[in-house]
Amino acid sequence: TEIYTLSLHDALPISMKRVGERGSGQWEAISWEEAYQFIGEELAKIKDTYGAQTLLYTNGAPVQNIVRNAFCEFYARYGTNNMVGAPNLCFVPRLVALKTTYGFRDEEDYNNTDLIICWAGNPFASLRPGAYMCYEKHGSASPILDAKERGVKLIVIDPIFTETAAKADQYIPIKPGTDGALANAMANVVLSEDLYDHEFVETWCHGFDEYRECMEQYTPEWAEGITGVPADTIRELARLYATTERAALHEGNSLALHSNCVQAVRSIGCLRAICGKLDKEGCNCCFPNVVGHPVPVEAGNPTGIKTTVVADAVNVNTTRYPLFLNGLPGALDAIETGDPYTPRGLMGYHTNTIMAQGDYHRNRDLLRTLDFICYTDIFMTETCEQLADIVLPDVTWAERYDYRTYPHHDGAIVAMRQPAIEPLYDCKTPYAMEYELATSMGMAEGYPWTTDEEFIQYALGPSGVSFEEYKKNPVQLVGTNEYKKYETGGLRADGEPGFDTANGKVLLVNLPFGKNGYDPLPNYVPAFGTPEGSPELAEQYPLIGTNRRTVHYVHYKYRNNPYLRENHPEPELSLNPADAAERNLKDGDAVKAVSHRGEARFTLRVSERVMPGVAWVDGGWGNPWDEPGSNMNALVDNVTRDPISQSPDISSFLMDVVKA
């Protein structure tokens, strides 16, 4: 047997089985047959000894549909429903807030709007102006720039002066983690000045009187002390939004990364509702194929590609997080406490678990106690290196089929990607791995596909377009769209007018929240990672750390790309000049960020793009090919988290900065 110490800049060419202790960095190359046998034996041992539900599985951000779909049928047939990956880090906490309030996650109708408020998002760095919406009406890459050319006003709310803020007509800096306070104060103005949409509220909203009474306490003067936004600015913003007939309010993913995030997004959703800005031209709409709403491609199969129902498996998060089952922090609690049972295994695809989640050391140490861990990835990431017993080599996007569906103002866009080359080396596509592993374990009878092509046909068949037709024309428009679908039954599966909620109305008083023991009103509670939320901790760690996407990288990916590294070569931490001077630090210093959870090293950038009292911390570093000790998530607490969505305070955590 030849023992490998891999060059971590190179893609994995073959399956690798760990030799020695976890984290030792030594591997032996094995064949696919050996890999399937090893995985099958380990999974059978877990199932026979502890039960199938003790296997956790995790997929990464669904930037490609294969990430959502790969291995899901396999896990269902095995008997586990414990998907505990990255949803608590992405849009899903916002989805929980909005779906339980009005039944869908909205998209901004930038093509027809007269006002854009971009809140905690930076689309000019992410190149995604909304959630998944496909815009092309005006012919350029950014509908926001097209809107500005039409004279539309752009307002940006963010602790950081982002690339998007640089294009704005008005920039409103706000203290991290206080967005719910601002939204409630805006609602206070709208209600006290009688600017709300009476007809919409009376016809389509539930609990308005109780909600209005709740909002009375959240005055602009109160919010100024919490958010740092002047009371007069809050009033002007609220009036402008309420009185602009066609106004789009985009809330970004940064809002999903506070320990008070779900109620903050609820506050924004309720603000949209009382102003009558839902599914109306130029506002926030439920276009076809909005994530979380029944879609043309997967109609009749709303839970995804999985076809086998896991009837008797108890999800590891059922008792702690009944409205949010798919988060890793709750599963870590179960590993630590054995409640409701102790997970025993983990399989991961396209995700760098211990890099992505807050509290790096806790994640690593708890996951290392599992009996068996398997990851599938392109590179030997930090997670693979530190945790995996076996790593399966994935193909790149250019070596496989995939598809994506996008909301569109005329219907929905379905786009199929075709492979440019055959898989290199000894790599296989995830669908091939899945079917072959299921076959080796005797679980493949009646599988709904056997090849990648059959899977794509299976997934896209409900669109009414065949696989061969997609090969000839990979981008197709399907379905239709109309505004105010709540009037015509277009938002509900039963075809009745109303919203897709418990009683068909916008739930200003949230019935599912009340049923599950959460506050049914969007009251403001300070985030743990703010001075108001942790006053004693703030005495030792006076800065609020926050993370924002940089233009060069995506999450923790691409830092082993030499060209991108030339443009952004090292992890950076930015401080306002006043905060840097107070600490006797200057631009370019090597600094150490410290928190009650750990520390990390960065290069300092002194910049007025950052509010005083805030540290903009460059996240995503810390893979084996990066500088050691530069993982921002070593600073973040994931023990104290959002009580509904398990979200840690990645966008607001208490810290300080010292010279390294």
# chains A, B, ... in the order shown; residues from 1 in each chain; ligands from 1

$ select_by_dssp --residues "region 100-251 of chain A" --states "helix (DSSP H, G or I)" --output "MDAnalysis selection string"
chainID A and resid 100:102 110:112 123:126 143:149 165:167 179:192 198:204 208:215 220:227 231:243

$ closest_atom_pairs --of "region 508-624 of chain A" --to "region 153-177 of chain A" --cutoff "7 Å" --atoms "only C-alpha atoms" --output "tab-separated table"
residue	atom	partner	partner_atom	distance
A:Ala527	CA	A:Gly177	CA	5.8
A:Thr530	CA	A:Gly177	CA	6.9
A:Arg609	CA	A:Phe161	CA	4.6
A:Val610	CA	A:Ile160	CA	5.1
A:Met611	CA	A:Pro159	CA	6.1

$ atom_distance --atom1 "CA of Val229 (chain A)" --atom2 "CA of Ile144 (chain A)"
24.3 Å

$ closest_residue --among "A:Val190, A:Ala125, A:Tyr321, A:Gly348" --to "Met83 (chain A)" --atoms "only C-alpha atoms"
A:Gly348

$ closest_atom_pairs --of "region 530-607 of chain A" --to "region 248-272 of chain A" --cutoff "12 Å" --atoms "only C-alpha atoms" --output "tab-separated table"
residue	atom	partner	partner_atom	distance
A:Thr530	CA	A:His258	CA	9.6
A:Gly533	CA	A:Ser259	CA	9.7
A:Ser534	CA	A:Ser259	CA	11.8
A:Ile544	CA	A:His258	CA	11.8
A:Gly545	CA	A:His258	CA	11.5
A:Thr546	CA	A:Ser254	CA	9.1
A:Asn547	CA	A:Ser254	CA	8.0
A:Arg548	CA	A:Ser254	CA	7.4
A:Arg549	CA	A:Ser254	CA	9.2

$ write_last_selection --atoms "N, CA, C and O atoms" --output "PDB file, in the first residue's frame"
ATOM      1  N   THR A 530     -24.028  41.339  20.233  1.00  0.00           N
ATOM      2  CA  THR A 530     -24.035  42.807  20.285  1.00  0.00           C
ATOM      3  C   THR A 530     -23.861  43.245  21.735  1.00  0.00           C
ATOM      4  O   THR A 530     -24.130  42.472  22.662  1.00  0.00           O
ATOM      5  N   GLY A 533     -26.969  42.703  23.724  1.00  0.00           N
ATOM      6  CA  GLY A 533     -27.272  41.307  23.982  1.00  0.00           C
ATOM      7  C   GLY A 533     -26.340  40.646  24.974  1.00  0.00           C
ATOM      8  O   GLY A 533     -26.717  39.682  25.651  1.00  0.00           O
ATOM      9  N   SER A 534     -25.104  41.146  25.085  1.00  0.00           N
ATOM     10  CA  SER A 534     -24.107  40.567  25.998  1.00  0.00           C
ATOM     11  C   SER A 534     -23.282  41.684  26.627  1.00  0.00           C
ATOM     12  O   SER A 534     -22.095  41.852  26.321  1.00  0.00           O
ATOM     13  N   ILE A 544     -17.916  44.988  17.396  1.00  0.00           N
ATOM     14  CA  ILE A 544     -18.843  44.028  16.802  1.00  0.00           C
ATOM     15  C   ILE A 544     -18.234  43.566  15.484  1.00  0.00           C
ATOM     16  O   ILE A 544     -18.092  44.348  14.541  1.00  0.00           O
ATOM     17  N   GLY A 545     -17.866  42.306  15.426  1.00  0.00           N
ATOM     18  CA  GLY A 545     -17.348  41.747  14.185  1.00  0.00           C
ATOM     19  C   GLY A 545     -18.480  41.392  13.244  1.00  0.00           C
ATOM     20  O   GLY A 545     -19.558  40.963  13.673  1.00  0.00           O
ATOM     21  N   THR A 546     -18.255  41.575  11.966  1.00  0.00           N
ATOM     22  CA  THR A 546     -19.246  41.195  10.966  1.00  0.00           C
ATOM     23  C   THR A 546     -18.523  40.708   9.723  1.00  0.00           C
ATOM     24  O   THR A 546     -17.346  41.012   9.515  1.00  0.00           O
ATOM     25  N   ASN A 547     -19.224  39.941   8.917  1.00  0.00           N
ATOM     26  CA  ASN A 547     -18.650  39.399   7.693  1.00  0.00           C
ATOM     27  C   ASN A 547     -19.474  39.856   6.503  1.00  0.00           C
ATOM     28  O   ASN A 547     -20.698  39.874   6.571  1.00  0.00           O
ATOM     29  N   ARG A 548     -18.828  40.238   5.432  1.00  0.00           N
ATOM     30  CA  ARG A 548     -19.503  40.558   4.175  1.00  0.00           C
ATOM     31  C   ARG A 548     -18.718  39.910   3.044  1.00  0.00           C
ATOM     32  O   ARG A 548     -17.492  39.786   3.104  1.00  0.00           O
ATOM     33  N   ARG A 549     -19.437  39.524   2.024  1.00  0.00           N
ATOM     34  CA  ARG A 549     -18.799  38.899   0.867  1.00  0.00           C
ATOM     35  C   ARG A 549     -17.839  39.878   0.196  1.00  0.00           C
ATOM     36  O   ARG A 549     -18.144  41.060   0.026  1.00  0.00           O
TER      37      ARG A 549
END

$ atom_distance --atom1 "CA of Phe653 (chain A)" --atom2 "CA of Ser595 (chain A)"
8.1 Å

$ residues_around --residues "Val96 (chain A)" --least-positions-apart "5" --cutoff "9 Å" --atoms "only C-alpha atoms" --output "PyMOL selection string"
chain A and resi 91+101+105+262+266+323-324+644-645

$ atom_distance --atom1 "CA of Thr501 (chain A)" --atom2 "CA of Cys205 (chain A)"
10.9 Å

$ residues_around --residues "Asn352 (chain A)" --least-positions-apart "4" --cutoff "9 Å" --atoms "only C-alpha atoms" --output "ChimeraX atom specification"
/A:60,348,356-357,377,381-384,556

$ select_by_dssp --residues "region 250-460 of chain A" --states "strand (DSSP E or B)" --output "PDB file with C-alpha atoms, in the first residue's frame"
ATOM      1  CA  HIS A 250     -34.454  43.389  -0.828  1.00  0.00           C
ATOM      2  CA  GLU A 251     -33.235  41.752   2.379  1.00  0.00           C
ATOM      3  CA  LEU A 278     -46.626  41.942  -1.776  1.00  0.00           C
ATOM      4  CA  ASN A 284     -41.791  42.037  -3.793  1.00  0.00           C
ATOM      5  CA  CYS A 285     -43.463  39.252  -5.744  1.00  0.00           C
ATOM      6  CA  GLY A 345     -22.037   8.885  11.308  1.00  0.00           C
ATOM      7  CA  LEU A 346     -21.811  11.711   8.786  1.00  0.00           C
ATOM      8  CA  MET A 347     -21.751  11.839   4.998  1.00  0.00           C
ATOM      9  CA  GLY A 348     -21.074  15.138   3.265  1.00  0.00           C
ATOM     10  CA  TYR A 349     -21.202  16.379  -0.293  1.00  0.00           C
ATOM     11  CA  PHE A 372     -17.701   7.094  10.567  1.00  0.00           C
ATOM     12  CA  ILE A 373     -17.302  10.137   8.304  1.00  0.00           C
ATOM     13  CA  CYS A 374     -17.330  10.219   4.489  1.00  0.00           C
ATOM     14  CA  TYR A 375     -16.987  13.317   2.282  1.00  0.00           C
ATOM     15  CA  THR A 376     -17.205  13.826  -1.463  1.00  0.00           C
ATOM     16  CA  ASP A 377     -15.315  16.829  -2.804  1.00  0.00           C
ATOM     17  CA  ILE A 390     -12.743   8.326   3.327  1.00  0.00           C
ATOM     18  CA  VAL A 391     -12.928  11.019   0.621  1.00  0.00           C
ATOM     19  CA  LEU A 392     -14.540  10.356  -2.754  1.00  0.00           C
ATOM     20  CA  PRO A 393     -13.300  12.459  -5.711  1.00  0.00           C
ATOM     21  CA  ASP A 402     -26.897  19.700 -14.079  1.00  0.00           C
ATOM     22  CA  TYR A 403     -29.873  22.007 -14.230  1.00  0.00           C
ATOM     23  CA  ARG A 404     -31.213  25.121 -12.578  1.00  0.00           C
ATOM     24  CA  THR A 405     -34.621  26.761 -12.467  1.00  0.00           C
ATOM     25  CA  TYR A 406     -35.062  30.495 -12.123  1.00  0.00           C
ATOM     26  CA  PRO A 407     -38.071  32.708 -11.423  1.00  0.00           C
ATOM     27  CA  HIS A 408     -38.925  35.008 -14.316  1.00  0.00           C
ATOM     28  CA  GLY A 411     -42.954  32.390 -16.174  1.00  0.00           C
ATOM     29  CA  ALA A 412     -39.910  30.397 -15.144  1.00  0.00           C
ATOM     30  CA  ILE A 413     -36.558  29.688 -16.769  1.00  0.00           C
ATOM     31  CA  VAL A 414     -35.261  26.116 -16.843  1.00  0.00           C
ATOM     32  CA  ALA A 415     -31.608  25.801 -17.859  1.00  0.00           C
ATOM     33  CA  MET A 416     -29.702  22.550 -18.387  1.00  0.00           C
ATOM     34  CA  ARG A 417     -25.916  22.382 -18.257  1.00  0.00           C
TER      35      ARG A 417
END

$ closest_residue --among "A:Gly588, A:Gly498, A:Gly180, A:Gly629" --to "Lys485 (chain A)" --atoms "only C-alpha atoms"
A:Gly498

$ residues_around --residues "Asn631 (chain A)" --least-positions-apart "5" --cutoff "7 Å" --atoms "only C-alpha atoms" --output "list in words"
Ala600, Gly619, Gly620, Trp621 and Gly622 of chain A

$ write_last_selection --atoms "all heavy atoms" --output "PDB file, in the first residue's frame"
ATOM      1  N   ALA A 600      -7.984  34.589  15.628  1.00  0.00           N
ATOM      2  CA  ALA A 600      -7.598  34.397  14.231  1.00  0.00           C
ATOM      3  C   ALA A 600      -6.735  35.571  13.803  1.00  0.00           C
ATOM      4  O   ALA A 600      -6.844  36.679  14.345  1.00  0.00           O
ATOM      5  CB  ALA A 600      -8.836  34.280  13.336  1.00  0.00           C
ATOM      6  N   GLY A 619     -14.021  36.493   5.959  1.00  0.00           N
ATOM      7  CA  GLY A 619     -14.313  35.095   6.235  1.00  0.00           C
ATOM      8  C   GLY A 619     -13.901  34.180   5.095  1.00  0.00           C
ATOM      9  O   GLY A 619     -13.576  34.618   3.999  1.00  0.00           O
ATOM     10  N   GLY A 620     -13.921  32.883   5.354  1.00  0.00           N
ATOM     11  CA  GLY A 620     -13.668  31.897   4.313  1.00  0.00           C
ATOM     12  C   GLY A 620     -12.244  31.405   4.218  1.00  0.00           C
ATOM     13  O   GLY A 620     -11.945  30.535   3.404  1.00  0.00           O
ATOM     14  N   TRP A 621     -11.342  31.944   5.028  1.00  0.00           N
ATOM     15  CA  TRP A 621      -9.958  31.491   5.016  1.00  0.00           C
ATOM     16  C   TRP A 621      -9.759  30.402   6.060  1.00  0.00           C
ATOM     17  O   TRP A 621     -10.517  30.301   7.012  1.00  0.00           O
ATOM     18  CB  TRP A 621      -9.014  32.659   5.318  1.00  0.00           C
ATOM     19  CG  TRP A 621      -9.084  33.769   4.323  1.00  0.00           C
ATOM     20  CD1 TRP A 621      -9.981  34.788   4.297  1.00  0.00           C
ATOM     21  CD2 TRP A 621      -8.215  33.964   3.203  1.00  0.00           C
ATOM     22  NE1 TRP A 621      -9.735  35.619   3.234  1.00  0.00           N
ATOM     23  CE2 TRP A 621      -8.650  35.137   2.539  1.00  0.00           C
ATOM     24  CE3 TRP A 621      -7.114  33.280   2.694  1.00  0.00           C
ATOM     25  CZ2 TRP A 621      -8.019  35.629   1.398  1.00  0.00           C
ATOM     26  CZ3 TRP A 621      -6.483  33.776   1.566  1.00  0.00           C
ATOM     27  CH2 TRP A 621      -6.940  34.936   0.928  1.00  0.00           C
ATOM     28  N   GLY A 622      -8.706  29.585   5.869  1.00  0.00           N
ATOM     29  CA  GLY A 622      -8.391  28.557   6.844  1.00  0.00           C
ATOM     30  C   GLY A 622      -8.297  27.163   6.290  1.00  0.00           C
ATOM     31  O   GLY A 622      -8.106  26.208   7.043  1.00  0.00           O
TER      32      GLY A 622
END

$ closest_residue --among "A:Phe499, A:Tyr541, A:Phe528, A:Phe38" --to "Tyr486 (chain A)" --atoms "only C-alpha atoms"
A:Phe499

$ residues_around --residues "Leu43 (chain A)" --least-positions-apart "3" --cutoff "9 Å" --atoms "only C-alpha atoms" --output "ChimeraX atom specification"
/A:38-40,46-48,52,55,78,345,372

$ write_last_selection --atoms "N, CA, C and O atoms" --output "PDB file, in the first residue's frame"
ATOM      1  N   PHE A  38     -16.116  -0.432   1.776  1.00  0.00           N
ATOM      2  CA  PHE A  38     -15.804   0.164   3.078  1.00  0.00           C
ATOM      3  C   PHE A  38     -16.978   0.998   3.587  1.00  0.00           C
ATOM      4  O   PHE A  38     -17.397   0.875   4.748  1.00  0.00           O
ATOM      5  N   ILE A  39     -17.528   1.849   2.724  1.00  0.00           N
ATOM      6  CA  ILE A  39     -18.653   2.694   3.131  1.00  0.00           C
ATOM      7  C   ILE A  39     -19.849   1.825   3.503  1.00  0.00           C
ATOM      8  O   ILE A  39     -20.513   2.054   4.528  1.00  0.00           O
ATOM      9  N   GLY A  40     -20.144   0.830   2.674  1.00  0.00           N
ATOM     10  CA  GLY A  40     -21.277  -0.037   2.945  1.00  0.00           C
ATOM     11  C   GLY A  40     -21.157  -0.763   4.273  1.00  0.00           C
ATOM     12  O   GLY A  40     -22.137  -0.875   5.033  1.00  0.00           O
ATOM     13  N   ILE A  46     -23.517   0.955  11.519  1.00  0.00           N
ATOM     14  CA  ILE A  46     -24.253   2.009  12.217  1.00  0.00           C
ATOM     15  C   ILE A  46     -25.743   1.679  12.271  1.00  0.00           C
ATOM     16  O   ILE A  46     -26.386   1.774  13.328  1.00  0.00           O
ATOM     17  N   LYS A  47     -26.300   1.261  11.143  1.00  0.00           N
ATOM     18  CA  LYS A  47     -27.738   0.978  11.071  1.00  0.00           C
ATOM     19  C   LYS A  47     -28.104  -0.191  11.975  1.00  0.00           C
ATOM     20  O   LYS A  47     -29.112  -0.139  12.704  1.00  0.00           O
ATOM     21  N   ASP A  48     -27.326  -1.248  11.947  1.00  0.00           N
ATOM     22  CA  ASP A  48     -27.644  -2.435  12.732  1.00  0.00           C
ATOM     23  C   ASP A  48     -27.467  -2.199  14.231  1.00  0.00           C
ATOM     24  O   ASP A  48     -28.200  -2.767  15.050  1.00  0.00           O
ATOM     25  N   ALA A  52     -30.819   3.598  11.669  1.00  0.00           N
ATOM     26  CA  ALA A  52     -30.455   4.377  10.478  1.00  0.00           C
ATOM     27  C   ALA A  52     -30.479   5.868  10.726  1.00  0.00           C
ATOM     28  O   ALA A  52     -29.712   6.630  10.122  1.00  0.00           O
ATOM     29  N   LEU A  55     -27.408   8.313  11.298  1.00  0.00           N
ATOM     30  CA  LEU A  55     -26.543   8.830  10.232  1.00  0.00           C
ATOM     31  C   LEU A  55     -27.002  10.237   9.866  1.00  0.00           C
ATOM     32  O   LEU A  55     -28.154  10.456   9.499  1.00  0.00           O
ATOM     33  N   TYR A  78     -31.860   4.395   2.818  1.00  0.00           N
ATOM     34  CA  TYR A  78     -31.103   3.927   3.985  1.00  0.00           C
ATOM     35  C   TYR A  78     -31.955   4.065   5.246  1.00  0.00           C
ATOM     36  O   TYR A  78     -31.916   3.208   6.133  1.00  0.00           O
ATOM     37  N   GLY A 345     -22.750   8.768  12.569  1.00  0.00           N
ATOM     38  CA  GLY A 345     -22.037   8.885  11.308  1.00  0.00           C
ATOM     39  C   GLY A 345     -22.408  10.152  10.572  1.00  0.00           C
ATOM     40  O   GLY A 345     -23.413  10.806  10.877  1.00  0.00           O
ATOM     41  N   PHE A 372     -18.056   7.179  11.988  1.00  0.00           N
ATOM     42  CA  PHE A 372     -17.701   7.094  10.567  1.00  0.00           C
ATOM     43  C   PHE A 372     -18.039   8.413   9.883  1.00  0.00           C
ATOM     44  O   PHE A 372     -19.114   8.986  10.108  1.00  0.00           O
TER      45      PHE A 372
END

$ residues_around --residues "Pro569 (chain A)" --least-positions-apart "5" --cutoff "12 Å" --atoms "only C-alpha atoms" --output "ChimeraX atom specification"
/A:552-553,558-564,602-603,618,621,625-627

$ closest_residue --among "A:Val316, A:Leu12, A:Val551, A:Ile354" --to "Pro340 (chain A)" --atoms "only C-alpha atoms"
A:Val316

$ closest_residue --among "A:Asp500, A:Leu332, A:Glu436, A:Leu424" --to "Gly85 (chain A)" --atoms "only C-alpha atoms"
A:Leu332

$ closest_residue --among "A:Leu115, A:Leu89, A:Ile378, A:Val658" --to "Asp642 (chain A)" --atoms "only C-alpha atoms"
A:Leu89

$ decode --residues "region 37-47 of chain A" --atoms "all heavy atoms" --output "PDB file, in the first residue's frame"
ATOM      1  N   GLN A  37     -17.304  -0.820  -0.751  1.00  0.00           N
ATOM      2  CA  GLN A  37     -17.349  -1.881   0.256  1.00  0.00           C
ATOM      3  C   GLN A  37     -17.118  -1.311   1.654  1.00  0.00           C
ATOM      4  O   GLN A  37     -17.835  -1.645   2.607  1.00  0.00           O
ATOM      5  CB  GLN A  37     -16.301  -2.949  -0.053  1.00  0.00           C
ATOM      6  CG  GLN A  37     -16.318  -4.109   0.948  1.00  0.00           C
ATOM      7  CD  GLN A  37     -15.291  -5.181   0.613  1.00  0.00           C
ATOM      8  OE1 GLN A  37     -14.642  -5.137  -0.424  1.00  0.00           O
ATOM      9  NE2 GLN A  37     -15.128  -6.153   1.504  1.00  0.00           N
ATOM     10  N   PHE A  38     -16.116  -0.432   1.776  1.00  0.00           N
ATOM     11  CA  PHE A  38     -15.804   0.164   3.078  1.00  0.00           C
ATOM     12  C   PHE A  38     -16.978   0.998   3.587  1.00  0.00           C
ATOM     13  O   PHE A  38     -17.397   0.875   4.748  1.00  0.00           O
ATOM     14  CB  PHE A  38     -14.546   1.023   2.946  1.00  0.00           C
ATOM     15  CG  PHE A  38     -14.183   1.776   4.197  1.00  0.00           C
ATOM     16  CD1 PHE A  38     -13.865   1.108   5.364  1.00  0.00           C
ATOM     17  CD2 PHE A  38     -14.155   3.164   4.199  1.00  0.00           C
ATOM     18  CE1 PHE A  38     -13.527   1.805   6.523  1.00  0.00           C
ATOM     19  CE2 PHE A  38     -13.814   3.876   5.339  1.00  0.00           C
ATOM     20  CZ  PHE A  38     -13.503   3.192   6.506  1.00  0.00           C
ATOM     21  N   ILE A  39     -17.528   1.849   2.724  1.00  0.00           N
ATOM     22  CA  ILE A  39     -18.653   2.694   3.131  1.00  0.00           C
ATOM     23  C   ILE A  39     -19.849   1.825   3.503  1.00  0.00           C
ATOM     24  O   ILE A  39     -20.513   2.054   4.528  1.00  0.00           O
ATOM     25  CB  ILE A  39     -19.023   3.665   1.999  1.00  0.00           C
ATOM     26  CG1 ILE A  39     -17.879   4.660   1.752  1.00  0.00           C
ATOM     27  CG2 ILE A  39     -20.312   4.429   2.343  1.00  0.00           C
ATOM     28  CD1 ILE A  39     -18.050   5.475   0.490  1.00  0.00           C
ATOM     29  N   GLY A  40     -20.144   0.830   2.674  1.00  0.00           N
ATOM     30  CA  GLY A  40     -21.277  -0.037   2.945  1.00  0.00           C
ATOM     31  C   GLY A  40     -21.157  -0.763   4.273  1.00  0.00           C
ATOM     32  O   GLY A  40     -22.137  -0.875   5.033  1.00  0.00           O
ATOM     33  N   GLU A  41     -19.960  -1.261   4.578  1.00  0.00           N
ATOM     34  CA  GLU A  41     -19.758  -1.953   5.844  1.00  0.00           C
ATOM     35  C   GLU A  41     -19.953  -1.009   7.034  1.00  0.00           C
ATOM     36  O   GLU A  41     -20.573  -1.382   8.040  1.00  0.00           O
ATOM     37  CB  GLU A  41     -18.357  -2.566   5.875  1.00  0.00           C
ATOM     38  CG  GLU A  41     -18.180  -3.743   4.931  1.00  0.00           C
ATOM     39  CD  GLU A  41     -16.738  -4.215   4.844  1.00  0.00           C
ATOM     40  OE1 GLU A  41     -15.853  -3.519   5.409  1.00  0.00           O
ATOM     41  OE2 GLU A  41     -16.480  -5.275   4.212  1.00  0.00           O
ATOM     42  N   GLU A  42     -19.422   0.197   6.919  1.00  0.00           N
ATOM     43  CA  GLU A  42     -19.544   1.151   8.021  1.00  0.00           C
ATOM     44  C   GLU A  42     -20.995   1.586   8.217  1.00  0.00           C
ATOM     45  O   GLU A  42     -21.480   1.705   9.355  1.00  0.00           O
ATOM     46  CB  GLU A  42     -18.651   2.365   7.765  1.00  0.00           C
ATOM     47  CG  GLU A  42     -17.167   2.065   7.805  1.00  0.00           C
ATOM     48  CD  GLU A  42     -16.710   1.595   9.177  1.00  0.00           C
ATOM     49  OE1 GLU A  42     -17.187   2.157  10.191  1.00  0.00           O
ATOM     50  OE2 GLU A  42     -15.898   0.655   9.233  1.00  0.00           O
ATOM     51  N   LEU A  43     -21.709   1.845   7.123  1.00  0.00           N
ATOM     52  CA  LEU A  43     -23.107   2.264   7.239  1.00  0.00           C
ATOM     53  C   LEU A  43     -23.982   1.128   7.758  1.00  0.00           C
ATOM     54  O   LEU A  43     -24.925   1.355   8.535  1.00  0.00           O
ATOM     55  CB  LEU A  43     -23.622   2.760   5.890  1.00  0.00           C
ATOM     56  CG  LEU A  43     -22.999   4.049   5.355  1.00  0.00           C
ATOM     57  CD1 LEU A  43     -23.690   4.475   4.062  1.00  0.00           C
ATOM     58  CD2 LEU A  43     -23.069   5.173   6.389  1.00  0.00           C
ATOM     59  N   ALA A  44     -23.703  -0.087   7.337  1.00  0.00           N
ATOM     60  CA  ALA A  44     -24.467  -1.229   7.842  1.00  0.00           C
ATOM     61  C   ALA A  44     -24.244  -1.409   9.344  1.00  0.00           C
ATOM     62  O   ALA A  44     -25.177  -1.712  10.102  1.00  0.00           O
ATOM     63  CB  ALA A  44     -24.058  -2.497   7.090  1.00  0.00           C
ATOM     64  N   LYS A  45     -23.009  -1.205   9.780  1.00  0.00           N
ATOM     65  CA  LYS A  45     -22.689  -1.325  11.196  1.00  0.00           C
ATOM     66  C   LYS A  45     -23.466  -0.287  12.016  1.00  0.00           C
ATOM     67  O   LYS A  45     -24.038  -0.600  13.078  1.00  0.00           O
ATOM     68  CB  LYS A  45     -21.181  -1.133  11.389  1.00  0.00           C
ATOM     69  CG  LYS A  45     -20.649  -1.492  12.762  1.00  0.00           C
ATOM     70  CD  LYS A  45     -19.173  -1.143  12.876  1.00  0.00           C
ATOM     71  CE  LYS A  45     -18.352  -1.734  11.734  1.00  0.00           C
ATOM     72  NZ  LYS A  45     -16.923  -1.359  11.842  1.00  0.00           N
ATOM     73  N   ILE A  46     -23.517   0.955  11.519  1.00  0.00           N
ATOM     74  CA  ILE A  46     -24.253   2.009  12.217  1.00  0.00           C
ATOM     75  C   ILE A  46     -25.743   1.679  12.271  1.00  0.00           C
ATOM     76  O   ILE A  46     -26.386   1.774  13.328  1.00  0.00           O
ATOM     77  CB  ILE A  46     -24.018   3.362  11.523  1.00  0.00           C
ATOM     78  CG1 ILE A  46     -22.589   3.851  11.785  1.00  0.00           C
ATOM     79  CG2 ILE A  46     -25.034   4.405  11.990  1.00  0.00           C
ATOM     80  CD1 ILE A  46     -22.200   5.080  10.992  1.00  0.00           C
ATOM     81  N   LYS A  47     -26.300   1.261  11.143  1.00  0.00           N
ATOM     82  CA  LYS A  47     -27.738   0.978  11.071  1.00  0.00           C
ATOM     83  C   LYS A  47     -28.104  -0.191  11.975  1.00  0.00           C
ATOM     84  O   LYS A  47     -29.112  -0.139  12.704  1.00  0.00           O
ATOM     85  CB  LYS A  47     -28.130   0.689   9.625  1.00  0.00           C
ATOM     86  CG  LYS A  47     -29.622   0.548   9.400  1.00  0.00           C
ATOM     87  CD  LYS A  47     -29.926   0.442   7.911  1.00  0.00           C
ATOM     88  CE  LYS A  47     -31.410   0.439   7.640  1.00  0.00           C
ATOM     89  NZ  LYS A  47     -31.702   0.426   6.175  1.00  0.00           N
TER      90      LYS A  47
END
